[in-house]
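Novice: Can you read through this structure? Questions will come right after.
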Amino acid sequence: MITNLFYFLSFVAVLSALMVVFSRNPVYSVLYLIITFFAIAGHYVLMQAEFLAVVHVIVYAGAIMVLFLYVIMLLNLNRESEPHKSNILKFAAAICSGLLLVVLVGSLRGTELLKHSEAGEVSSTMGGVKNLGKVLFTDFLFPFEIASVLLLAAMVGVVMLAKAEKKTNL
Amino acid sequence: MEEGSLVQYAPIALMFLVAAGFVGVTMLATHLLGPKRKTNVKLESFECGIEAKGNARIPFNIKYFLVAILFVLFDIEVIFMYPWAVNFKELGTEGFVEMLLFIAALLIGFFYIRKKGALTWED
């Protein structure tokens, strides 16, 4: 049952990820990417990481994809204005992505599966909200507080970039 | 993951099924039940009397994007509150102060946004 579910989710994730690349309309690509994110959230659930799954759906499938849609709309992707890619550019892109694939496969082949004893005691509630909160607010307190500074920096940055000063309008 | 623990996700699976099923059934039902009277006038795109020209892909105001990205930032802030709220009693005063520090940094950002008028909608 678990294995079948894993294969089903992997199939959905890979298929919709391919559709992201192959669909001509960028808005369809975004919609396929949402399906991919849901399938990956399913994988998180299978790996006992419930909180991560929920966050993945709320933040990525919900909020980040809205941003993606906005970016696509901001870019003015008309069929006429779309620049024609030359053959040498396509060739270079194929070589680059092929090299990336070789690096990824090579590095993943070198890793060994984590032994059960090395991974420590894996309980069914380890990825739950309660355990995660305990670890976050005791052992990883400093990164948590730094995250607030990161969010603050992001806020200041986006206001600086996107908000036109009134002086320029006058 | 054990076989048994999968049962606790049954309500979520059921919710997904109902959501997908509702869309499928309503789309199919409107196709089958609704009458079809196609005339040239009816198939014209409805644009409040004005004929449609151009397409929907026009660059639009960056203010929408600004609001969306600020929403994402505060969304992430709220996500951090879930594990804190679940452990509220165990963490005690210390946890409360930690969260106050976290909120304070974001509140500075919030006041900065208000001060800069990033959320006001003037043209």
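All residue names refer to the structure tokens as shown: chains lettered A, B, ... in order, residues numbered from 1 in each chain, ligands numbered from 1 in order.
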Identify, on the basis of only C-alpha atoms, every residue whose closest approach to B:Met81 does not exceed 10 Å; exclude the query and any residue fewer than 6 positions from it along the same chain; express the result as a CSV table (one decimal) with N, CA and C atoms, in the first residue's frame.
Specialist:
chain,number,residue,atom,x,y,z
A,133,GLY,N,8.4,21.9,17.3
A,133,GLY,CA,8.4,23.1,18.0
A,133,GLY,C,9.4,23.0,19.2
B,87,ASN,N,3.4,24.1,21.7
B,87,ASN,CA,4.3,23.8,22.8
B,87,ASN,C,4.2,25.0,23.8
B,88,PHE,N,3.1,25.8,23.8
B,88,PHE,CA,3.1,27.0,24.6
B,88,PHE,C,3.3,26.8,26.1
B,99,MET,N,9.4,34.4,21.5
B,99,MET,CA,8.4,34.7,20.4
B,99,MET,C,8.2,36.3,20.3
B,102,PHE,N,10.9,37.7,18.2
B,102,PHE,CA,10.7,37.4,16.8
B,102,PHE,C,9.6,38.3,16.3
B,103,ILE,N,8.5,38.5,17.0
B,103,ILE,CA,7.5,39.4,16.5
B,103,ILE,C,7.9,40.8,16.5
Novice: Per residue of stretch 13-92 of chain B within 10 Å of stretch 57-67 of chain A, what are the shortest atom pair and its distance in Å to one decimal, counting only C-alpha atoms, with rows by chain and residue number, as a Markdown table?
Specialist:
| residue | atom | partner | partner_atom | distance |
| --- | --- | --- | --- | --- |
| B:Tyr64 | CA | A:Leu67 | CA | 9.5 |
| B:Phe65 | CA | A:Leu67 | CA | 6.9 |
| B:Leu66 | CA | A:Leu67 | CA | 9.5 |
| B:Val67 | CA | A:Leu67 | CA | 9.9 |
| B:Ala68 | CA | A:Leu67 | CA | 6.5 |
| B:Ile69 | CA | A:Leu67 | CA | 6.8 |
| B:Phe71 | CA | A:Ala63 | CA | 7.9 |
| B:Val72 | CA | A:Ala63 | CA | 5.8 |
| B:Leu73 | CA | A:Ala63 | CA | 9.5 |
| B:Asp75 | CA | A:Val59 | CA | 7.3 |
| B:Ile76 | CA | A:Val59 | CA | 7.1 |
| B:Ile79 | CA | A:Val59 | CA | 8.6 |
Novice: Could you produce a table of the residues of chain A lying within 7 Å of chain B, with the nearest pair of atoms per residue and their separation in Å rounded to one decimal, using only C-alpha atoms, ordered by chain and increasing residue number, as a tab-separated table?
Specialist:
residue	atom	partner	partner_atom	distance
A:Ile2	CA	B:Glu3	CA	6.8
A:Leu46	CA	B:Met1	CA	6.4
A:Met47	CA	B:Met1	CA	6.7
A:Gln48	CA	B:Met1	CA	6.7
A:Ala63	CA	B:Val72	CA	5.8
A:Leu67	CA	B:Ala68	CA	6.5
A:Tyr70	CA	B:Phe65	CA	6.2
A:Met73	CA	B:Pro59	CA	6.0
A:Leu74	CA	B:Pro59	CA	4.7
A:Leu75	CA	B:Pro59	CA	6.4
A:Asn76	CA	B:Pro59	CA	5.1
A:Leu77	CA	B:Arg57	CA	6.6
A:Asn78	CA	B:Arg57	CA	6.4
A:Val129	CA	B:Pro83	CA	5.3
A:Lys130	CA	B:Val86	CA	5.9
A:Leu132	CA	B:Pro83	CA	6.6
A:Gly133	CA	B:Pro83	CA	4.2
A:Lys134	CA	B:Asn87	CA	6.7
A:Phe137	CA	B:Gly95	CA	6.8
A:Glu145	CA	B:Phe102	CA	5.8
A:Ser148	CA	B:Phe102	CA	5.6
A:Val149	CA	B:Ala105	CA	6.5
A:Leu151	CA	B:Leu73	CA	6.3
A:Leu152	CA	B:Gly109	CA	5.4
A:Met155	CA	B:Gly109	CA	6.2
A:Val156	CA	B:Gly109	CA	6.8
A:Val158	CA	B:Leu66	CA	7.0
A:Val159	CA	B:Ala118	CA	6.5
A:Ala162	CA	B:Leu66	CA	6.4
A:Lys163	CA	B:Ala118	CA	6.4
Novice: Pick out each residue of chain B that DSSP on the backbone tags as alpha helix (DSSP H); I need them as number ranges by chain.
Specialist: B: 10-33, 40-43, 62-86, 88-116
Novice: Measuring between only C-alpha atoms, which one of A:Leu15, A:Pro26, A:Thr36, A:Glu50 shows the shortest distance to A:Asn131?
Specialist: A:Glu50
Novice: Quick one, how far is atom CA of A:Phe11 from atom CA of A:Ala39?
Specialist: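 Going from atom CA of A:Phe11 over to atom CA of A:Ala39, I get 8.9 Å.
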